[in-house]
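Structure file model01.tsv (TSV, C-alpha atoms and all ligand atoms) follows.
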chain	number	residue	atom	x	y	z
A	1	MET	CA	-5.07	-9.64	21.27
A	2	PRO	CA	-4.95	-11.02	17.73
A	3	VAL	CA	-6.17	-8.77	14.92
A	4	ILE	CA	-6.64	-11.67	12.52
A	5	GLU	CA	-7.85	-15.11	13.56
A	6	VAL	CA	-8.05	-17.94	11.08
A	7	LYS	CA	-10.01	-20.90	12.36
A	8	ASN	CA	-10.19	-24.34	10.79
A	9	LEU	CA	-9.93	-22.87	7.32
A	10	HIS	CA	-10.71	-25.15	4.39
A	11	LYS	CA	-11.09	-24.63	0.68
A	12	ILE	CA	-12.17	-27.36	-1.66
A	13	TYR	CA	-12.40	-26.46	-5.32
A	14	GLN	CA	-15.40	-28.40	-6.61
A	15	GLU	CA	-15.52	-27.16	-10.20
A	16	THR	CA	-12.77	-29.53	-11.21
A	17	LYS	CA	-13.43	-33.18	-12.13
A	18	VAL	CA	-11.68	-34.34	-9.01
A	19	PRO	CA	-12.28	-31.91	-6.13
A	20	VAL	CA	-9.06	-30.20	-5.02
A	21	LYS	CA	-8.43	-29.69	-1.30
A	22	ALA	CA	-6.37	-26.53	-1.65
A	23	VAL	CA	-6.54	-25.52	2.03
A	24	ASN	CA	-7.05	-28.29	4.49
A	25	GLY	CA	-7.59	-27.01	8.03
A	26	ILE	CA	-5.48	-23.95	8.79
A	27	ASP	CA	-5.52	-22.25	12.19
A	28	LEU	CA	-3.48	-19.08	12.62
A	29	SER	CA	-3.60	-15.84	14.48
A	30	PHE	CA	-1.80	-12.59	13.80
A	31	GLU	CA	-1.02	-9.73	16.15
A	32	GLU	CA	-0.97	-6.10	15.11
A	33	GLY	CA	2.24	-5.06	13.37
A	34	GLU	CA	3.45	-8.49	12.31
A	35	PHE	CA	5.69	-8.93	9.26
A	36	ALA	CA	4.95	-12.55	8.45
A	37	ALA	CA	5.65	-14.79	5.50
A	38	ILE	CA	3.63	-17.80	4.43
A	39	VAL	CA	6.03	-20.06	2.62
A	40	GLY	CA	5.73	-23.38	0.87
A	41	PRO	CA	6.12	-25.01	-2.51
A	42	SER	CA	4.00	-24.08	-5.49
A	43	GLY	CA	0.52	-25.56	-5.14
A	44	SER	CA	0.68	-25.77	-1.34
A	45	GLY	CA	-2.30	-23.42	-0.92
A	46	LYS	CA	-0.63	-20.07	-0.19
A	47	THR	CA	-2.66	-18.01	-2.64
A	48	THR	CA	-5.90	-19.72	-1.71
A	49	ALA	CA	-5.28	-19.14	2.01
A	50	LEU	CA	-4.28	-15.52	1.52
A	51	ASN	CA	-7.33	-14.84	-0.64
A	52	MET	CA	-9.60	-16.21	2.06
A	53	ILE	CA	-7.82	-14.26	4.80
A	54	GLY	CA	-8.40	-11.10	2.78
A	55	GLY	CA	-12.01	-11.88	1.92
A	56	LEU	CA	-11.35	-12.20	-1.81
A	57	ASP	CA	-12.54	-15.79	-1.70
A	58	ALA	CA	-14.98	-17.60	0.57
A	59	PRO	CA	-13.94	-20.61	2.68
A	60	SER	CA	-15.60	-23.99	2.17
A	61	GLU	CA	-15.37	-24.40	5.92
A	62	GLY	CA	-13.98	-22.42	8.83
A	63	GLU	CA	-13.79	-18.73	9.41
A	64	VAL	CA	-11.64	-15.62	9.31
A	65	LEU	CA	-12.08	-12.98	11.97
A	66	ILE	CA	-10.56	-9.58	11.42
A	67	ASN	CA	-10.75	-7.30	14.43
A	68	ASN	CA	-13.32	-9.75	15.76
A	69	ILE	CA	-15.52	-9.40	12.69
A	70	ASN	CA	-16.30	-12.65	10.94
A	71	ILE	CA	-15.79	-11.55	7.37
A	72	SER	CA	-17.74	-14.51	5.99
A	73	ASP	CA	-20.83	-13.02	7.64
A	74	LEU	CA	-20.51	-9.78	5.70
A	75	LYS	CA	-22.79	-9.47	2.72
A	76	SER	CA	-21.11	-8.62	-0.55
A	77	ARG	CA	-21.40	-4.80	-0.45
A	78	LYS	CA	-20.35	-4.68	3.20
A	79	LEU	CA	-17.45	-7.02	2.52
A	80	ILE	CA	-16.25	-4.83	-0.35
A	81	ASP	CA	-16.41	-1.75	1.88
A	82	PHE	CA	-14.64	-3.59	4.68
A	83	ARG	CA	-11.87	-4.71	2.35
A	84	LEU	CA	-11.43	-1.27	0.83
A	85	LYS	CA	-11.11	0.29	4.24
A	86	ASN	CA	-8.99	-2.30	6.00
A	87	ILE	CA	-6.99	-4.43	3.61
A	88	GLY	CA	-4.50	-3.56	0.90
A	89	PHE	CA	-3.58	-6.23	-1.64
A	90	VAL	CA	-0.35	-6.63	-3.58
A	91	PHE	CA	-0.19	-9.29	-6.28
A	92	GLN	CA	2.60	-11.11	-8.02
A	93	ALA	CA	1.62	-9.68	-11.41
A	94	TYR	CA	1.07	-6.14	-10.01
A	95	ASN	CA	-2.53	-6.00	-11.37
A	96	LEU	CA	-2.52	-2.28	-12.01
A	97	ILE	CA	-5.27	-0.89	-14.23
A	98	PRO	CA	-3.51	-0.58	-17.60
A	99	VAL	CA	-5.42	2.45	-18.90
A	100	LEU	CA	-4.80	4.53	-15.78
A	101	THR	CA	-1.58	6.37	-14.98
A	102	ALA	CA	0.48	5.53	-11.91
A	103	LEU	CA	-1.09	8.48	-10.10
A	104	GLU	CA	-4.61	7.47	-11.12
A	105	ASN	CA	-4.02	3.87	-10.08
A	106	VAL	CA	-3.00	5.01	-6.60
A	107	ALA	CA	-5.86	7.51	-6.38
A	108	PHE	CA	-8.51	5.09	-7.62
A	109	ILE	CA	-9.62	3.55	-4.31
A	110	MET	CA	-9.67	6.99	-2.69
A	111	GLN	CA	-11.94	8.08	-5.52
A	112	LEU	CA	-14.27	5.14	-4.76
A	113	GLN	CA	-14.24	6.28	-1.14
A	114	GLY	CA	-15.30	9.78	-2.11
A	115	TRP	CA	-12.07	11.72	-1.47
A	116	SER	CA	-11.87	15.06	-3.31
A	117	LYS	CA	-9.67	15.18	-6.40
A	118	LYS	CA	-7.21	17.49	-4.71
A	119	ASP	CA	-6.89	15.37	-1.57
A	120	ARG	CA	-6.49	12.09	-3.39
A	121	GLU	CA	-3.91	13.50	-5.77
A	122	THR	CA	-1.95	14.99	-2.91
A	123	ARG	CA	-1.94	11.70	-1.02
A	124	ALA	CA	-1.22	9.67	-4.16
A	125	LYS	CA	1.80	11.86	-4.90
A	126	GLU	CA	3.08	11.52	-1.33
A	127	LEU	CA	2.74	7.75	-1.51
A	128	LEU	CA	4.42	7.49	-4.89
A	129	GLU	CA	7.27	9.55	-3.57
A	130	ALA	CA	7.48	7.36	-0.46
A	131	VAL	CA	7.82	4.22	-2.57
A	132	GLY	CA	10.45	5.85	-4.73
A	133	ILE	CA	8.62	6.75	-7.95
A	134	ASP	CA	10.05	9.92	-9.45
A	135	LEU	CA	7.66	12.78	-10.18
A	136	ASP	CA	8.38	12.54	-13.88
A	137	ARG	CA	7.01	8.99	-13.93
A	138	ILE	CA	3.72	9.48	-12.11
A	139	HIS	CA	1.76	10.14	-15.31
A	140	ASN	CA	3.09	7.00	-16.99
A	141	ARG	CA	0.75	4.11	-17.57
A	142	PRO	CA	1.86	0.73	-16.17
A	143	GLY	CA	3.00	-0.40	-19.63
A	144	ASN	CA	5.61	2.34	-19.56
A	145	LEU	CA	7.03	1.39	-16.17
A	146	SER	CA	9.44	-1.40	-15.27
A	147	GLY	CA	8.25	-4.35	-13.19
A	148	GLY	CA	9.92	-2.94	-10.10
A	149	GLN	CA	8.26	0.43	-10.66
A	150	GLN	CA	4.87	-1.18	-11.24
A	151	GLN	CA	5.13	-3.10	-7.99
A	152	ARG	CA	6.05	0.10	-6.14
A	153	VAL	CA	2.94	1.73	-7.60
A	154	ALA	CA	0.96	-1.33	-6.49
A	155	VAL	CA	2.31	-0.94	-2.94
A	156	ALA	CA	1.42	2.76	-2.97
A	157	ARG	CA	-2.06	1.84	-4.17
A	158	ALA	CA	-2.44	-0.75	-1.42
A	159	LEU	CA	-1.41	1.81	1.21
A	160	ALA	CA	-3.64	4.61	-0.07
A	161	PRO	CA	-6.75	4.04	2.05
A	162	ARG	CA	-4.58	3.67	5.18
A	163	PRO	CA	-5.30	-0.04	5.60
A	164	LYS	CA	-4.48	-1.91	8.78
A	165	PHE	CA	-3.37	-4.95	6.80
A	166	ILE	CA	-1.40	-5.57	3.65
A	167	LEU	CA	-1.66	-9.01	2.08
A	168	ALA	CA	0.95	-9.59	-0.57
A	169	ASP	CA	0.92	-12.71	-2.74
A	170	GLU	CA	4.46	-13.43	-3.95
A	171	PRO	CA	5.08	-9.71	-4.42
A	172	THR	CA	8.69	-10.11	-5.49
A	173	ALA	CA	8.34	-13.16	-7.71
A	174	ASN	CA	8.78	-11.16	-10.91
A	175	LEU	CA	11.38	-8.68	-9.65
A	176	ASP	CA	15.14	-8.53	-9.99
A	177	SER	CA	17.18	-8.56	-6.81
A	178	LYS	CA	17.70	-4.79	-6.63
A	179	SER	CA	13.97	-4.08	-6.98
A	180	THR	CA	13.22	-6.85	-4.50
A	181	SER	CA	15.47	-5.48	-1.82
A	182	GLU	CA	14.26	-1.90	-2.35
A	183	LEU	CA	10.63	-2.98	-2.23
A	184	LEU	CA	11.23	-5.00	0.93
A	185	ASP	CA	12.90	-2.01	2.57
A	186	ILE	CA	9.90	0.16	1.71
A	187	MET	CA	7.46	-2.36	3.12
A	188	GLN	CA	9.53	-2.88	6.24
A	189	LYS	CA	9.62	0.87	6.80
A	190	MET	CA	5.83	1.15	6.42
A	191	ASN	CA	5.45	-1.75	8.82
A	192	LYS	CA	7.65	-0.13	11.45
A	193	GLU	CA	6.35	3.41	11.06
A	194	SER	CA	2.64	2.78	10.84
A	195	LYS	CA	2.24	-0.62	12.50
A	196	ILE	CA	0.54	-1.98	9.40
A	197	THR	CA	0.39	-5.77	9.60
A	198	PHE	CA	2.02	-7.41	6.59
A	199	ILE	CA	1.35	-10.97	5.52
A	200	PHE	CA	3.25	-12.23	2.49
A	201	SER	CA	3.17	-15.43	0.62
A	202	THR	CA	6.51	-16.18	-0.91
A	203	HIS	CA	9.11	-18.67	-1.84
A	204	ASP	CA	11.71	-15.97	-2.21
A	205	GLN	CA	14.57	-16.43	0.26
A	206	ARG	CA	15.15	-12.66	0.33
A	207	VAL	CA	11.62	-12.11	1.61
A	208	MET	CA	11.98	-14.90	4.17
A	209	ASP	CA	15.19	-13.31	5.44
A	210	LYS	CA	13.29	-10.13	6.32
A	211	ALA	CA	10.22	-11.78	7.78
A	212	ARG	CA	9.82	-11.89	11.56
A	213	ARG	CA	7.63	-14.94	11.36
A	214	ILE	CA	7.71	-17.83	8.92
A	215	ILE	CA	4.63	-19.96	8.48
A	216	THR	CA	5.39	-23.01	6.39
A	217	VAL	CA	2.48	-24.64	4.58
A	218	GLU	CA	2.37	-27.95	2.82
A	219	ASP	CA	-0.64	-29.62	1.22
A	220	GLY	CA	-2.92	-26.92	2.56
A	221	LYS	CA	-1.81	-27.35	6.16
A	222	VAL	CA	0.56	-25.46	8.46
A	223	LYS	CA	3.72	-27.50	8.90
A	224	GLU	CA	5.67	-25.05	11.00
A	225	ASP	CA	5.06	-21.63	12.51
A	226	LYS	CA	8.25	-19.96	13.62
A	227	LYS	CA	8.75	-16.54	15.18
A	228	ILE	CA	12.10	-14.93	14.55
A	229	ALA	CA	13.50	-12.87	17.39
B	301	LIG	N1	-9.67	-21.96	-9.06
B	301	LIG	C1	-9.15	-23.17	-8.84
B	301	LIG	N2	-9.79	-24.29	-9.24
B	301	LIG	C2	-9.27	-25.51	-8.99
B	301	LIG	N3	-8.11	-25.74	-8.36
B	301	LIG	C3	-7.42	-24.66	-7.95
B	301	LIG	C4	-7.89	-23.33	-8.16
B	301	LIG	N4	-6.97	-22.46	-7.65
B	301	LIG	C5	-5.99	-23.22	-7.13
B	301	LIG	N5	-6.24	-24.52	-7.31
B	301	LIG	C6	-5.42	-25.66	-6.83
B	301	LIG	O1	-5.33	-25.56	-5.42
B	301	LIG	C7	-4.03	-25.91	-4.97
B	301	LIG	C8	-3.42	-24.74	-4.22
B	301	LIG	O2	-3.20	-23.65	-5.12
B	301	LIG	P1	-2.63	-22.24	-4.69
B	301	LIG	O3	-3.40	-21.75	-3.53
B	301	LIG	O4	-2.61	-21.40	-5.90
B	301	LIG	O5	-1.16	-22.62	-4.22
B	301	LIG	P2	0.16	-21.74	-4.13
B	301	LIG	O6	-0.24	-20.31	-4.12
B	301	LIG	O7	0.83	-22.19	-2.88
B	301	LIG	O8	0.98	-22.07	-5.34
B	301	LIG	C9	-3.25	-26.31	-6.22
B	301	LIG	O9	-3.36	-27.70	-6.33
B	301	LIG	C10	-3.99	-25.62	-7.32
B	301	LIG	O10	-3.84	-26.31	-8.54
B	302	MG	MG	0.28	-18.74	-5.33
Please, can you express the file's structure as structure tokens?
Amino acid sequence: MPVIEVKNLHKIYQETKVPVKAVNGIDLSFEEGEFAAIVGPSGSGKTTALNMIGGLDAPSEGEVLINNINISDLKSRKLIDFRLKNIGFVFQAYNLIPVLTALENVAFIMQLQGWSKKDRETRAKELLEAVGIDLDRIHNRPGNLSGGQQQRVAVARALAPRPKFILADEPTANLDSKSTSELLDIMQKMNKESKITFIFSTHDQRVMDKARRIITVEDGKVKEDKKIA
């Protein structure tokens, strides 16, 4: 049974002079535990599609069902709660909160969810360790961490509320090859150990090489959808 179903998904940006059809009828379904990459040239609609799959953006047409819940039907507060509980996001530019330390960034969503200070710090430390951040770095702010370290913190943050899904938009685009391969190993391990479903967008060959499914998009449509044995 699919855990994510994307049906006839469209997004037309209307604010521009000429409306842009960024996503133009995408149908996809994902099973639990997939490690899938959405690939395609810049401007093909990867970010727009991923944002709608994760409920960060609303479709112009079509729907996204996550565990049989149509997320477009959720009202804003419920959608925020649903996202916090179920979906972790990783972004190309890390998007950590600059005034918070690594530890505080990871603990932040747990704080929103009402975890005690002790519990969230314990879990945040475990996660930072799991993604390979040394203890002597956990009180650094993002500005005092390398790109690779920031993205590890971002992965730890995404994992903190024990989400069922991680959506990662070009997570390795700004990383050197060593950081990329280490980060991929970490995500692959999380995927295998905890059955978290990962969906990436990427045009990084190194990410594609690790993916077990490659969904190629072009002009907002799925061109090819290939499972890798
Ligand atoms: N907020 C926006 N307003 C207008 N057009 C947008 C907006 N965001 C993206 N687009 C356009 O939609 C298309 C798809 O963009 P995007 O989803 O970012 O593609 P990708 O992530 O594959 O590079 C592009 O033509 C882009 O210029
Ligand atoms: Mg993009």
10 Å contact set for Val3 (chain A), only C-alpha atoms, chain neighbours under 5 positions out, as a compact mmCIF listing (two decimals) with C-alpha atoms, keeping the file's coordinate frame:
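Once everything was written out, this is selection31.txt:
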# COMPACT_ATOMS: atom_id res chain seq x y z
CA SER A 29 -3.60 -15.84 14.48
CA PHE A 30 -1.80 -12.59 13.80
CA GLU A 31 -1.02 -9.73 16.15
CA GLU A 32 -0.97 -6.10 15.11
CA GLY A 33 2.24 -5.06 13.37
CA GLU A 34 3.45 -8.49 12.31
CA LEU A 65 -12.08 -12.98 11.97
CA ILE A 66 -10.56 -9.58 11.42
CA ASN A 67 -10.75 -7.30 14.43
CA ASN A 68 -13.32 -9.75 15.76
CA ILE A 69 -15.52 -9.40 12.69
CA LYS A 164 -4.48 -1.91 8.78
CA PHE A 165 -3.37 -4.95 6.80
CA THR A 197 0.39 -5.77 9.60
Point to revise | Selection within 9 Å of ligand LIG 301 (chain B) by all atoms listed in the file, output as a PyMOL selection string | key: chain A and resi 11-16+19-23+38-51+169-170+201-202+217-220
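Every protein, DNA or RNA residue with an atom at most 12 Å from Leu56 (chain A), where all atoms listed in the file count and chain neighbours fewer than 2 positions away do not, is listed here: Thr47, Thr48, Ala49, Leu50, Asn51, Met52, Ile53, Gly54, Ala58, Pro59, Val64, Ile71, Ser72, Ser76, Leu79, Ile80, Phe82, Arg83, Leu84, Ile87, Gly88, Phe89 and Leu167 of chain A.
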Selected residues written out, C-alpha atoms, as an mmCIF file, keeping the file's coordinate frame:
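Dumped to out00.cif:
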data_model
loop_
_atom_site.group_PDB
_atom_site.id
_atom_site.type_symbol
_atom_site.label_atom_id
_atom_site.label_comp_id
_atom_site.auth_asym_id
_atom_site.auth_seq_id
_atom_site.Cartn_x
_atom_site.Cartn_y
_atom_site.Cartn_z
ATOM 1 C CA THR A 47 -2.660 -18.010 -2.640
ATOM 2 C CA THR A 48 -5.900 -19.720 -1.710
ATOM 3 C CA ALA A 49 -5.280 -19.140 2.010
ATOM 4 C CA LEU A 50 -4.280 -15.520 1.520
ATOM 5 C CA ASN A 51 -7.330 -14.840 -0.640
ATOM 6 C CA MET A 52 -9.600 -16.210 2.060
ATOM 7 C CA ILE A 53 -7.820 -14.260 4.800
ATOM 8 C CA GLY A 54 -8.400 -11.100 2.780
ATOM 9 C CA ALA A 58 -14.980 -17.600 0.570
ATOM 10 C CA PRO A 59 -13.940 -20.610 2.680
ATOM 11 C CA VAL A 64 -11.640 -15.620 9.310
ATOM 12 C CA ILE A 71 -15.790 -11.550 7.370
ATOM 13 C CA SER A 72 -17.740 -14.510 5.990
ATOM 14 C CA SER A 76 -21.110 -8.620 -0.550
ATOM 15 C CA LEU A 79 -17.450 -7.020 2.520
ATOM 16 C CA ILE A 80 -16.250 -4.830 -0.350
ATOM 17 C CA PHE A 82 -14.640 -3.590 4.680
ATOM 18 C CA ARG A 83 -11.870 -4.710 2.350
ATOM 19 C CA LEU A 84 -11.430 -1.270 0.830
ATOM 20 C CA ILE A 87 -6.990 -4.430 3.610
ATOM 21 C CA GLY A 88 -4.500 -3.560 0.900
ATOM 22 C CA PHE A 89 -3.580 -6.230 -1.640
ATOM 23 C CA LEU A 167 -1.660 -9.010 2.080
#
Check your understanding: Of the candidates A:His203, A:Arg120, A:Lys189, A:Arg137, which shows the shortest atom-to-atom distance to ligand MG 302 (chain B), using only C-alpha atoms and all ligand atoms?
Key ->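 Comparing A:His203, A:Arg120, A:Lys189, A:Arg137 against ligand MG 302 (chain B), the winner is A:His203.
Atom pair CA of Met110 (chain A) / CA of Pro163 (chain A): separated by 11.7 Å.
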Practice item. Do a neighbour search on Thr122 (chain A) at 12 Å with all atoms listed in the file, toss out local chain neighbours closer than 3 positions, and write the hits as a list in words. Key: Leu103, Glu104, Val106, Ala107, Met110, Trp115, Ser116, Lys117, Lys118, Asp119, Lys125, Glu126, Leu127, Leu128, Glu129 and Ala160 of chain A
Practice item. Tell me, in Å to one decimal, how far CA of Ala154 (chain A) is from CA of Met187 (chain A). Key: 11.6 Å
Exercise for review: In Å, rounded to a single decimal, give me how far CA of Gln151 (chain A) is from CA of Val131 (chain A).
Suggested key: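 CA of Val131 (chain A) sits 9.5 Å away from CA of Gln151 (chain A).
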Study note, to complete from the structure: In terms of all atoms listed in the file, the residue from A:Ser146, A:Thr101, A:Phe198, A:Val155 at minimal distance from Asp176 (chain A) is A:Ser146
